[in-house]
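Inspection log for the structure reproduced underneath, given as structure tokens.
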Amino acid sequence: MTVRNLEYLFQPASIALIGARRKSRSVGRILAQNLFGGDFDGPIMPVNPHHEAIEGVLSYSDIASLPRTPDLAVIATPPATIPPLIRELGARGTKAVIVISAGFSELATEEGRRLEREMLEAARPHLIRIVGPNCLGMMTPSMGVNASFGHLKPRPGRLAFVTQSGAIVTSMLDWAETRGAGFSKLVSLGDMADVDFGDMLDYLADDPETGAILLYVESVKHARKFMSAARAAARSKPVIVVKSGRSSEGAKAASSHSGALAGSDAVYDAVFRRAGMLRVHSLVELFDAAELLSAPRLPPGDRLTILTNGGGIGVLATDALVAEGGRLAELSERTIAVLNEGLPHTWSRGNPVDIIGDAPGDRYQRALEVLLDGGDADAVLVLNCPTGVTSSLEAAEAVLAVHAERPRAPLLTSWVGAGTAEQARQAFAERQIPTYETPEQAARAFMYMVNYRRSQAALMETPPSLPDDFRPDLERARAPINGALEQGREWLTEPEAKEVLAAYGISVPQSRLAKTPDEAARAAEALGVPVALKIRSPDVIHKSDHGGVRLDLMGGGAVREAATVMLERVGRAFPNARVDGFNVEAMVSRKRGAYELFMGLSVDPQFGPVVLFGHGGTAVEVIDDKAIGLPPLNMHLARELMSRTRVYRLLRGFRSQPPADLDAVSVALIRIAQLAADLPEVVELDVNPLLVDPSGAIALDARIRIARPASSGAERLTIRPYPSELEEVLDLPDGRTMLLRPIVPEDEPALHRTFAQLSPEEIRLRFFIPLKTLSHLMAARFTQLDYDREMALILTERGVPGHAELYGVVSLVADPDNVRGEYAIMVRGDVTGMGLGPVLMRRMIDYAKNRGIGEVYGDVLRDNRTMLKLCQVLGFEQTAVPGEPTMVRVVLKLER
């Protein structure tokens with residue numbers, strides 16, 4: 001479940017508190033005090049058989065005695081009592097429960113796990129949603145609901161905060177109180193037996209009271225659900241996350257705290273980035289980022305101008321900026337000339353703009369006006385350190401005056417120190433100008449805005465088409481894997497691993513297999529070029545570390561001698577190793593501008609397969625230059641993955657060094673990601689080195705570890721990959737052959753061309769309003785789908801996506817609970833009358849049935865008689881749309 005019945009949690013009409021107490025400092029008493037002191041309009045019914053009244057309100061001895069069914073029940077009783085209590089609440093019709101009590105699976109005992117199973121089994125028949133157990137509770141300030149044992153009453157506001165840790169909630173309440181921040185929702189999820197982060201993201205994404213979502217994450221359950229919910233929420237409002245357990249020690253502590261696997265921090269980074277969430281590293285930064293991202297205008301780029309009265313603090317801000325990936329703006333000659341006219345001759349004449357320690361307010365004002373009007377930067381950071389000859393408050397008032405004239409200008413401030421500096425920061429905060437105690441915090445805050453804008457743009461960016469419509473040879477790829485599994489082997493031999501890569505179109509060198517030194521010599525002679533000689537043994541993984549690789553051998557004699565010595569060395573290092581012979585490969589000449597790279601696959605226990613890329617060679621671990629991404633990939637995502645490494649700057653070329661073939665590397669990464677979806681037996685893959693130069697890329701060495709799969713390749717991915725099983729070839733009545741397939745982001749150019757061919761009447765019937773063009777944002781929403789929740793099937797010519805023409809599309813968007821799906825359909829006018837509309841609709845209905853969706857519906861204009869007639873033929877029922885007299889809602893119930 002996801003959002004089902006969560007409205008009873010956040011908007012209850014009545015609440016029962018089971019375990020309410022009168023004992024001082026008990027959880028039951030604090031819960032009662034917070035609930036009764038929270039200005040909730042509905043009835044609050046305490047349940048305790050030992051007290052006649054709680055907080056002056058009549059108490060009830062048990063659930064059966066309650067005068068009405070509570071929408072929400074809050075339970076703080078011993079863990080063994082909770083399953084029967086939930087069963088009884090379900091029978092009464094309660095739909096949401098908060099379990100404060102601990103003593104379940106977080107104890108990692110069989111008894112705790114049993115109680116949690118029984119609790120969920122009691123809730124399931126009644127669709128009761130459970131927050132907790134082992135949690136602080138929940139607060140909805142706008143409704144006056146404080147169902148927690150927190151120590152402060154939160155203010156209403158636009159921030160939603162969701163955390164596993166109850167202690168973090170109380171800490172956030174303290175921070176919010178000092179800053180005057182308010183909340184729409186505060187939720188302590190505890191052990192997430194039912195309601196988890198994915199559920200909360202889905203609910204809050206559509207919550208009109210929530211402007212930004214703040215998360216404190218220790219671990220994630222149901223990775224695919226979390227990813228789908230996070231991607232959807234991040235498209236509609238800022239989602240900012242703090243993830244604990246960044247170090248191995250912290251991860252261990254988080255795991256023991258929540259009873260769940262904390263996971264690799266680098267993989268979490270990749271998850272947050274792919275979803276479009278902004279990651280920060282402290283609770284303070286959560287608030288800072290939330291305030292920043294609510295600004296009326298985010299900086300369009302990463303160029304920052306720093307205005308300061310002290311060189312030292314300017315340097316500190318610069319260092320922090322560059323460390324976070326930002327850039328100092330380059331001042332134009334005109335800007336410098338104008339500054340020269342109004343500043344002392346001793347000013348820095350560059351960025352940072354140091355206007356000297358004696359700068360009064362009017363000097364700040366003139367300089368800031370020039371910098372904002374010059375247009376050289378994407379934002380300006382104004383710094384001030386106190387001096388004995390000027391007033392920090394006067395300088396702040398000057399900045400405020402400039403801001404009053406230019407309220408949308410991207411501006412940040414940092415007044416260093418206390419006293420008047422604190423007064424200045426308070427004045428900035430009151431005018432909603434971002435302000436920070438240190439220059440480093442301010443520079444990092446600027447980069448938070450930059451990174452968030454980049455992530456939002458990346459969510460909607462149209463990737464370039466692949467160079468070809470490549471399909472892997474799956475039968476060829478599976479042959480060595482199946483053979484190794486039958487033999488009980490965990491590792492493929494190097495030739496077998498390269499055979500798998502070749503089946504995916506990744507270039508590998510010519511090679512020959514040889515059992516003896518003499519056979520190796522003959523193989524080298526047959527190749528007729530310098531060769532590499534490599535030992536073949538399933539027991540020797542890192543061959544080069546143990547004398548198992550020789551390079552640049554020319555002629556049979558040299559190869560025979562090297563093979564003999566290699567057998568001796570490997571025999572000494574691994575006396576019990578099984579040696580199957582040698583692999584003789586044609587040497588690949590290293591051209592000017594060639595680099596050794598690394599790419600591979602690894603399987604994370606929480607998020608499944610991840611793709612790795614970085615600087616390769618024998619020193620790959622020492623160099624430690626790598627980035628992680630989630631499959632599937634496209635050209636844009638592959639390039640972004642590469643851009644997060646240091647070696648990428650070299651690959652782009654520099655001075656007289658030509659750029660490497662980055663498209664070839666991108667394609668190789670895409671195919672490795674596709675392999676992860678196609679071949680669930682592959683649990684580890686290393687290509688090292690992948691040699692890349694300006695003419696292409698080739699895999700010189702590879703190793704693959706395999707295991708019998710527990711699930712299909714597609715199911716183990718956090719993001720559902722392209723569902724190729726939905727592809728179908730259709731023969732049209734006019735003799736043409738078309739391909740019906742799921743839409744991909746690369747189809748956006750074709751979608752624009754199709755829209756351009758629609759008549760105004762066709763556009764009105766499809767979109768309900770007149771549109772002259774299809775915006776990139778709209779097209780991106782149609783083409784960049786989460787296949788786990790959305791589907792669009794297109795009728796197209798065979799060919800490369802984006803280039804092939806598109807003739808029709810039918811889409812279905814399901815709700816997070818997979819209960820209902822809304823359809824839409826569009827067929828190009830030049831192919832109408834061929835029965836394509838019914839074909840597309842039937843295929844979408846079949847898809848909905850297979851996905852377990854219970855109902856397909858759509859809104860149709862009353863004068864769209866063709867669509868209404870088709871829906872009638874397909875069995876849709878027609879009803880009126882409240883408040884929309886020109887619309888008809890068509891609904892088709894499906895068997896689930």
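Naming scheme: A, B, ... for chains in displayed order of the structure tokens; residues 1 onward per chain; ligands 1 onward as shown.
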So which residues touch A:Arg274 within 12 Å, counting only C-alpha atoms, skipping near sequence neighbours fewer than 2 positions away, as a CSV table (one decimal) with all heavy atoms, in the first residue's frame?
```csv
chain,number,residue,atom,x,y,z
A,227,MET,N,11.9,4.8,-4.8
A,227,MET,CA,12.4,5.6,-5.9
A,227,MET,C,11.3,6.2,-6.7
A,227,MET,O,11.4,7.3,-7.2
A,227,MET,CB,13.3,4.6,-6.8
A,227,MET,CG,14.1,5.3,-7.8
A,227,MET,SD,15.3,6.4,-7.0
A,227,MET,CE,16.1,7.0,-8.5
A,228,SER,N,10.2,5.4,-7.0
A,228,SER,CA,9.1,5.9,-7.8
A,228,SER,C,8.5,7.1,-7.1
A,228,SER,O,8.2,8.1,-7.7
A,228,SER,CB,8.1,4.8,-8.0
A,228,SER,OG,8.6,3.8,-8.8
A,230,ALA,N,9.9,9.1,-4.8
A,230,ALA,CA,10.8,10.2,-4.7
A,230,ALA,C,10.9,10.9,-6.0
A,230,ALA,O,10.9,12.2,-6.1
A,230,ALA,CB,12.2,9.7,-4.3
A,231,ARG,N,10.9,10.2,-7.2
A,231,ARG,CA,11.0,10.9,-8.5
A,231,ARG,C,9.7,11.7,-8.7
A,231,ARG,O,9.8,12.8,-9.3
A,231,ARG,CB,11.1,9.8,-9.6
A,231,ARG,CG,12.5,9.1,-9.6
A,231,ARG,CD,12.5,7.9,-10.5
A,231,ARG,NE,12.6,8.3,-11.9
A,231,ARG,CZ,12.4,7.4,-12.9
A,231,ARG,NH1,12.1,6.2,-12.6
A,231,ARG,NH2,12.5,7.9,-14.1
A,232,ALA,N,8.5,11.1,-8.3
A,232,ALA,CA,7.3,11.9,-8.5
A,232,ALA,C,7.2,13.1,-7.7
A,232,ALA,O,6.8,14.2,-8.1
A,232,ALA,CB,6.1,10.9,-8.2
A,234,ALA,N,9.7,14.8,-6.3
A,234,ALA,CA,10.8,15.8,-6.6
A,234,ALA,C,10.4,16.6,-7.9
A,234,ALA,O,10.9,17.7,-8.1
A,234,ALA,CB,12.1,15.1,-6.8
A,235,ARG,N,9.5,16.1,-8.7
A,235,ARG,CA,9.1,16.9,-9.8
A,235,ARG,C,8.1,18.0,-9.5
A,235,ARG,O,7.9,18.9,-10.2
A,235,ARG,CB,8.4,16.0,-10.9
A,235,ARG,CG,9.4,15.1,-11.6
A,235,ARG,CD,8.6,14.1,-12.6
A,235,ARG,NE,9.5,13.3,-13.3
A,235,ARG,CZ,9.6,13.2,-14.6
A,235,ARG,NH1,8.8,14.0,-15.4
A,235,ARG,NH2,10.4,12.4,-15.2
A,267,VAL,N,25.9,4.6,-2.8
A,267,VAL,CA,24.7,4.2,-3.5
A,267,VAL,C,23.5,5.1,-3.2
A,267,VAL,O,22.7,5.5,-4.1
A,267,VAL,CB,24.3,2.7,-3.3
A,267,VAL,CG1,23.0,2.3,-3.9
A,267,VAL,CG2,25.5,1.8,-3.8
A,268,TYR,N,23.3,5.4,-1.9
A,268,TYR,CA,22.3,6.4,-1.5
A,268,TYR,C,22.5,7.7,-2.3
A,268,TYR,O,21.5,8.3,-2.7
A,268,TYR,CB,22.3,6.6,0.0
A,268,TYR,CG,21.4,5.6,0.7
A,268,TYR,CD1,21.9,4.6,1.4
A,268,TYR,CD2,20.0,5.8,0.8
A,268,TYR,CE1,21.1,3.7,2.1
A,268,TYR,CE2,19.2,4.9,1.5
A,268,TYR,CZ,19.8,3.9,2.2
A,268,TYR,OH,18.9,3.0,2.8
A,269,ASP,N,23.7,8.1,-2.4
A,269,ASP,CA,24.0,9.4,-3.1
A,269,ASP,C,23.4,9.3,-4.5
A,269,ASP,O,22.8,10.2,-5.0
A,269,ASP,CB,25.5,9.6,-3.1
A,269,ASP,CG,25.8,11.0,-2.5
A,269,ASP,OD1,24.9,11.7,-2.0
A,269,ASP,OD2,27.0,11.3,-2.5
A,270,ALA,N,23.7,8.1,-5.2
A,270,ALA,CA,23.3,7.9,-6.5
A,270,ALA,C,21.7,7.9,-6.6
A,270,ALA,O,21.1,8.4,-7.5
A,270,ALA,CB,23.9,6.6,-7.1
A,271,VAL,N,21.1,7.3,-5.6
A,271,VAL,CA,19.6,7.2,-5.6
A,271,VAL,C,19.0,8.6,-5.5
A,271,VAL,O,18.1,9.0,-6.2
A,271,VAL,CB,19.2,6.3,-4.4
A,271,VAL,CG1,17.7,6.4,-4.2
A,271,VAL,CG2,19.6,4.9,-4.7
A,272,PHE,N,19.5,9.4,-4.5
A,272,PHE,CA,19.0,10.7,-4.3
A,272,PHE,C,19.2,11.6,-5.5
A,272,PHE,O,18.3,12.3,-5.9
A,272,PHE,CB,19.7,11.4,-3.1
A,272,PHE,CG,19.4,10.7,-1.8
A,272,PHE,CD1,20.4,10.7,-0.8
A,272,PHE,CD2,18.3,10.0,-1.6
A,272,PHE,CE1,20.2,10.0,0.4
A,272,PHE,CE2,18.0,9.3,-0.4
A,272,PHE,CZ,19.0,9.3,0.6
A,276,GLY,N,16.2,13.3,-8.2
A,276,GLY,CA,16.1,14.7,-8.2
A,276,GLY,C,15.9,15.3,-6.8
A,276,GLY,O,15.5,16.5,-6.7
A,277,MET,N,16.3,14.6,-5.8
A,277,MET,CA,16.3,15.1,-4.4
A,277,MET,C,17.6,15.8,-4.1
A,277,MET,O,18.7,15.6,-4.7
A,277,MET,CB,16.1,13.9,-3.4
A,277,MET,CG,14.9,13.1,-3.7
A,277,MET,SD,15.0,11.5,-2.9
A,277,MET,CE,14.5,11.9,-1.2
A,278,LEU,N,17.6,16.8,-3.2
A,278,LEU,CA,18.8,17.5,-2.8
A,278,LEU,C,19.3,16.9,-1.5
A,278,LEU,O,18.5,16.9,-0.5
A,278,LEU,CB,18.5,19.0,-2.6
A,278,LEU,CG,19.7,19.8,-2.1
A,278,LEU,CD1,20.8,19.8,-3.1
A,278,LEU,CD2,19.2,21.3,-1.8
A,279,ARG,N,20.5,16.4,-1.5
A,279,ARG,CA,21.1,15.9,-0.2
A,279,ARG,C,21.9,17.0,0.5
A,279,ARG,O,22.7,17.6,-0.1
A,279,ARG,CB,22.0,14.7,-0.5
A,279,ARG,CG,22.5,14.1,0.7
A,279,ARG,CD,23.3,12.8,0.5
A,279,ARG,NE,23.7,12.2,1.8
A,279,ARG,CZ,24.4,11.1,1.9
A,279,ARG,NH1,24.8,10.4,0.8
A,279,ARG,NH2,24.6,10.5,3.1
A,452,TYR,N,20.4,21.9,-7.0
A,452,TYR,CA,19.0,21.6,-7.1
A,452,TYR,C,18.4,21.9,-8.5
A,452,TYR,O,17.7,21.2,-9.1
A,452,TYR,CB,18.2,22.3,-6.0
A,452,TYR,CG,16.7,22.1,-6.1
A,452,TYR,CD1,16.1,20.9,-5.7
A,452,TYR,CD2,15.8,23.1,-6.6
A,452,TYR,CE1,14.8,20.7,-5.8
A,452,TYR,CE2,14.5,22.9,-6.7
A,452,TYR,CZ,13.9,21.7,-6.3
A,452,TYR,OH,12.6,21.4,-6.4
A,454,ARG,N,20.1,22.1,-11.2
A,454,ARG,CA,20.6,21.1,-12.2
A,454,ARG,C,19.8,19.8,-12.1
A,454,ARG,O,19.5,19.2,-13.1
A,454,ARG,CB,22.1,20.8,-11.8
A,454,ARG,CG,23.1,22.0,-12.2
A,454,ARG,CD,24.4,21.7,-11.7
A,454,ARG,NE,25.4,22.6,-12.1
A,454,ARG,CZ,26.6,22.7,-11.6
A,454,ARG,NH1,27.0,21.9,-10.7
A,454,ARG,NH2,27.5,23.7,-12.1
A,455,SER,N,19.5,19.4,-10.9
A,455,SER,CA,18.8,18.1,-10.8
A,455,SER,C,17.4,18.2,-11.4
A,455,SER,O,16.9,17.2,-12.0
A,455,SER,CB,18.7,17.6,-9.3
A,455,SER,OG,17.9,18.5,-8.6
A,456,GLN,N,16.8,19.3,-11.2
A,456,GLN,CA,15.4,19.5,-11.8
A,456,GLN,C,15.5,19.5,-13.3
A,456,GLN,O,14.7,19.0,-14.0
A,456,GLN,CB,14.8,20.8,-11.2
A,456,GLN,CG,14.4,20.7,-9.8
A,456,GLN,CD,13.5,19.6,-9.5
A,456,GLN,OE1,12.3,19.6,-9.9
A,456,GLN,NE2,13.9,18.6,-8.7
A,457,ALA,N,16.5,20.2,-13.8
A,457,ALA,CA,16.7,20.2,-15.3
A,457,ALA,C,17.0,18.9,-15.8
A,457,ALA,O,16.5,18.5,-16.9
A,457,ALA,CB,17.8,21.2,-15.6
A,458,ALA,N,17.8,18.1,-15.1
A,458,ALA,CA,18.2,16.7,-15.5
A,458,ALA,C,16.9,15.8,-15.6
A,458,ALA,O,16.9,14.9,-16.4
A,458,ALA,CB,19.2,16.1,-14.6
A,459,LEU,N,16.0,16.0,-14.6
A,459,LEU,CA,14.8,15.2,-14.6
A,459,LEU,C,14.0,15.4,-15.9
A,459,LEU,O,13.3,14.5,-16.3
A,459,LEU,CB,13.9,15.6,-13.4
A,459,LEU,CG,14.3,15.2,-12.1
A,459,LEU,CD1,13.3,15.7,-11.0
A,459,LEU,CD2,14.4,13.7,-12.0
A,460,MET,N,14.1,16.6,-16.5
A,460,MET,CA,13.3,16.9,-17.7
A,460,MET,C,14.2,16.9,-19.0
A,460,MET,O,13.6,17.3,-20.1
A,460,MET,CB,12.6,18.2,-17.5
A,460,MET,CG,11.6,18.2,-16.4
A,460,MET,SD,10.2,17.0,-16.8
A,460,MET,CE,9.2,17.1,-15.3
A,610,VAL,N,24.0,-1.6,-9.5
A,610,VAL,CA,24.5,-0.3,-9.8
A,610,VAL,C,25.6,-0.3,-10.8
A,610,VAL,O,26.4,-1.3,-10.8
A,610,VAL,CB,24.9,0.5,-8.5
A,610,VAL,CG1,23.8,0.6,-7.5
A,610,VAL,CG2,26.1,-0.3,-7.8
A,628,ILE,N,29.0,6.3,-9.2
A,628,ILE,CA,28.0,5.3,-9.2
A,628,ILE,C,26.7,5.8,-9.8
A,628,ILE,O,26.3,6.9,-9.4
A,628,ILE,CB,27.8,4.7,-7.8
A,628,ILE,CG1,29.1,4.0,-7.3
A,628,ILE,CG2,26.6,3.7,-7.7
A,628,ILE,CD1,28.9,3.6,-5.8
A,629,GLY,N,26.1,5.0,-10.6
A,629,GLY,CA,24.8,5.4,-11.1
A,629,GLY,C,23.8,4.2,-11.1
A,629,GLY,O,24.3,3.0,-11.0
A,630,LEU,N,22.6,4.5,-11.2
A,630,LEU,CA,21.5,3.4,-11.3
A,630,LEU,C,21.2,3.1,-12.7
A,630,LEU,O,20.9,4.0,-13.5
A,630,LEU,CB,20.3,3.8,-10.5
A,630,LEU,CG,20.4,4.1,-9.0
A,630,LEU,CD1,19.0,4.5,-8.5
A,630,LEU,CD2,20.9,2.9,-8.2
A,631,PRO,N,21.1,1.8,-13.0
A,631,PRO,CA,20.5,1.4,-14.3
A,631,PRO,C,19.0,1.5,-14.3
A,631,PRO,O,18.4,1.5,-13.2
A,631,PRO,CB,20.9,0.0,-14.5
A,631,PRO,CG,21.1,-0.6,-13.1
A,631,PRO,CD,21.5,0.6,-12.2
A,632,PRO,N,18.3,1.7,-15.4
A,632,PRO,CA,18.9,1.8,-16.8
A,632,PRO,C,19.5,3.2,-17.0
A,632,PRO,O,19.2,4.2,-16.3
A,632,PRO,CB,17.7,1.6,-17.7
A,632,PRO,CG,16.5,2.0,-16.9
A,632,PRO,CD,16.9,1.7,-15.4
A,633,LEU,N,20.3,3.3,-18.1
A,633,LEU,CA,21.0,4.6,-18.4
A,633,LEU,C,20.6,5.0,-19.8
A,633,LEU,O,20.2,4.1,-20.6
A,633,LEU,CB,22.5,4.4,-18.4
A,633,LEU,CG,23.1,4.1,-17.0
A,633,LEU,CD1,24.6,4.0,-17.2
A,633,LEU,CD2,22.8,5.2,-16.0
A,636,HIS,N,22.4,10.8,-21.9
A,636,HIS,CA,22.5,11.9,-21.0
A,636,HIS,C,23.0,11.4,-19.6
A,636,HIS,O,23.9,11.9,-19.0
A,636,HIS,CB,21.2,12.6,-20.8
A,636,HIS,CG,21.2,13.5,-19.6
A,636,HIS,ND1,22.0,14.6,-19.5
A,636,HIS,CD2,20.5,13.4,-18.5
A,636,HIS,CE1,21.7,15.2,-18.3
A,636,HIS,NE2,20.8,14.5,-17.7
A,637,LEU,N,22.3,10.3,-19.1
A,637,LEU,CA,22.7,9.8,-17.8
A,637,LEU,C,24.1,9.2,-17.8
A,637,LEU,O,24.8,9.3,-16.8
A,637,LEU,CB,21.6,8.8,-17.3
A,637,LEU,CG,20.2,9.3,-17.1
A,637,LEU,CD1,19.3,8.1,-16.9
A,637,LEU,CD2,20.2,10.2,-15.8
A,638,ALA,N,24.5,8.6,-18.8
A,638,ALA,CA,25.8,8.0,-18.9
A,638,ALA,C,26.9,9.1,-18.9
A,638,ALA,O,27.9,9.0,-18.2
A,638,ALA,CB,26.0,7.1,-20.2
A,640,GLU,N,26.5,12.1,-17.6
A,640,GLU,CA,26.5,12.7,-16.3
A,640,GLU,C,27.2,11.8,-15.3
A,640,GLU,O,27.9,12.4,-14.4
A,640,GLU,CB,25.0,12.9,-15.8
A,640,GLU,CG,24.8,13.7,-14.5
A,640,GLU,CD,25.0,12.8,-13.3
A,640,GLU,OE1,24.7,11.6,-13.3
A,640,GLU,OE2,25.4,13.4,-12.2
A,641,LEU,N,27.1,10.5,-15.4
A,641,LEU,CA,27.9,9.6,-14.6
A,641,LEU,C,29.4,9.8,-14.7
A,641,LEU,O,30.1,9.9,-13.8
A,641,LEU,CB,27.5,8.2,-14.9
A,641,LEU,CG,28.3,7.0,-14.2
A,641,LEU,CD1,28.1,7.1,-12.7
A,641,LEU,CD2,27.8,5.7,-14.7
A,718,THR,N,16.1,-1.1,-9.1
A,718,THR,CA,15.3,-0.1,-8.4
A,718,THR,C,14.4,0.6,-9.3
A,718,THR,O,13.3,1.0,-8.9
A,718,THR,CB,16.3,0.8,-7.6
A,718,THR,OG1,17.0,0.1,-6.7
A,718,THR,CG2,15.5,1.9,-7.0
A,719,ILE,N,14.9,1.0,-10.5
A,719,ILE,CA,14.0,1.6,-11.5
A,719,ILE,C,13.7,0.6,-12.6
A,719,ILE,O,14.5,0.0,-13.2
A,719,ILE,CB,14.8,2.8,-12.2
A,719,ILE,CG1,15.2,3.8,-11.1
A,719,ILE,CG2,14.0,3.5,-13.3
A,719,ILE,CD1,16.1,4.9,-11.6
```
Can you list every residue in stretch 381-548 of chain A that DSSP puts in strand (DSSP E or B), as a ChimeraX atom specification? /A:381-384,411-415,435-436,491,511-514,531-536
If you count only C-alpha atoms, which residues fall within 8 Å of A:Arg720, apart from same-chain ones fewer than 5 positions away, as a CSV table (one decimal) with C-alpha atoms, in the first residue's frame?
```
chain,number,residue,atom,x,y,z
A,224,ARG,CA,11.5,0.6,-6.0
A,632,PRO,CA,18.9,1.8,-16.8
A,714,ALA,CA,14.1,-6.4,-14.4
A,715,GLU,CA,12.7,-7.0,-11.0
A,786,ASP,CA,8.3,5.6,-14.5
A,787,TYR,CA,7.4,2.3,-16.0
A,788,ASP,CA,6.4,1.0,-12.6
```
Give me the residues within 12 Å of A:Gln487 as a PDB file with all heavy atoms, in the first residue's frame, counting only C-alpha atoms and dropping any in the same chain fewer than 6 places off.
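Heads up, here's the output in around14.pdb:
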```pdb
ATOM      1  N   PRO A 480      27.810 -18.916 -22.109  1.00  0.00           N
ATOM      2  CA  PRO A 480      28.885 -19.156 -21.136  1.00  0.00           C
ATOM      3  C   PRO A 480      28.409 -19.091 -19.695  1.00  0.00           C
ATOM      4  O   PRO A 480      28.948 -19.785 -18.822  1.00  0.00           O
ATOM      5  CB  PRO A 480      29.901 -18.049 -21.444  1.00  0.00           C
ATOM      6  CG  PRO A 480      29.136 -16.988 -22.158  1.00  0.00           C
ATOM      7  CD  PRO A 480      28.069 -17.695 -22.918  1.00  0.00           C
ATOM      8  N   ILE A 481      27.379 -18.294 -19.414  1.00  0.00           N
ATOM      9  CA  ILE A 481      26.857 -18.200 -18.046  1.00  0.00           C
ATOM     10  C   ILE A 481      26.204 -19.521 -17.655  1.00  0.00           C
ATOM     11  O   ILE A 481      26.468 -20.063 -16.564  1.00  0.00           O
ATOM     12  CB  ILE A 481      25.863 -17.030 -17.936  1.00  0.00           C
ATOM     13  CG1 ILE A 481      26.591 -15.702 -18.109  1.00  0.00           C
ATOM     14  CG2 ILE A 481      25.122 -17.067 -16.611  1.00  0.00           C
ATOM     15  CD1 ILE A 481      25.671 -14.500 -18.196  1.00  0.00           C
ATOM     16  N   PRO A 538      40.131 -20.281 -13.063  1.00  0.00           N
ATOM     17  CA  PRO A 538      39.022 -19.750 -12.272  1.00  0.00           C
ATOM     18  C   PRO A 538      39.440 -19.378 -10.857  1.00  0.00           C
ATOM     19  O   PRO A 538      38.702 -18.697 -10.144  1.00  0.00           O
ATOM     20  CB  PRO A 538      37.999 -20.888 -12.268  1.00  0.00           C
ATOM     21  CG  PRO A 538      38.818 -22.124 -12.462  1.00  0.00           C
ATOM     22  CD  PRO A 538      39.953 -21.733 -13.349  1.00  0.00           C
ATOM     23  N   ILE A 706      29.008 -14.812 -11.108  1.00  0.00           N
ATOM     24  CA  ILE A 706      27.617 -15.188 -11.357  1.00  0.00           C
ATOM     25  C   ILE A 706      27.058 -15.962 -10.180  1.00  0.00           C
ATOM     26  O   ILE A 706      27.793 -16.478  -9.340  1.00  0.00           O
ATOM     27  CB  ILE A 706      27.492 -16.033 -12.646  1.00  0.00           C
ATOM     28  CG1 ILE A 706      28.376 -17.279 -12.558  1.00  0.00           C
ATOM     29  CG2 ILE A 706      27.840 -15.197 -13.872  1.00  0.00           C
ATOM     30  CD1 ILE A 706      28.214 -18.235 -13.716  1.00  0.00           C
ATOM     31  N   ALA A 707      25.743 -16.034 -10.134  1.00  0.00           N
ATOM     32  CA  ALA A 707      25.033 -16.838  -9.129  1.00  0.00           C
ATOM     33  C   ALA A 707      23.651 -17.134  -9.676  1.00  0.00           C
ATOM     34  O   ALA A 707      23.131 -16.409 -10.536  1.00  0.00           O
ATOM     35  CB  ALA A 707      24.939 -16.094  -7.801  1.00  0.00           C
TER      36      ALA A 707
END
```
Distance atom CA of A:Arg155-atom CA of A:Gln33, one decimal place?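 Distance between the two atoms: 17.0 Å.
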Using only C-alpha atoms, which protein or nucleic acid residues come within 12 Å of A:His542? Drop anything in the same chain fewer than 6 positions from it, and give the result as a list of chain:residue names.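 Counting only the stated atoms, we get A:Thr493, A:Glu494, A:Lys534, A:Ile535, A:Arg536, A:Gly548, A:Val549, A:Val570, A:Ala573, A:Phe574, A:Gly617, A:Thr618, A:Asp686, A:Asn688, A:Asp701, A:Ala702, A:Arg703.
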Please return, as JSON, numbers by chain, all residues of stretch 509-656 of chain A that DSSP assigns to alpha helix (DSSP H) on the basis of the backbone. {"A": [517, 518, 519, 520, 521, 522, 523, 524, 525, 526, 527, 556, 557, 558, 559, 560, 561, 562, 563, 564, 565, 566, 567, 568, 569, 570, 571, 572, 573, 620, 621, 622, 623, 635, 636, 637, 638, 639, 640, 641, 642, 643, 647, 648, 649, 650, 651]}
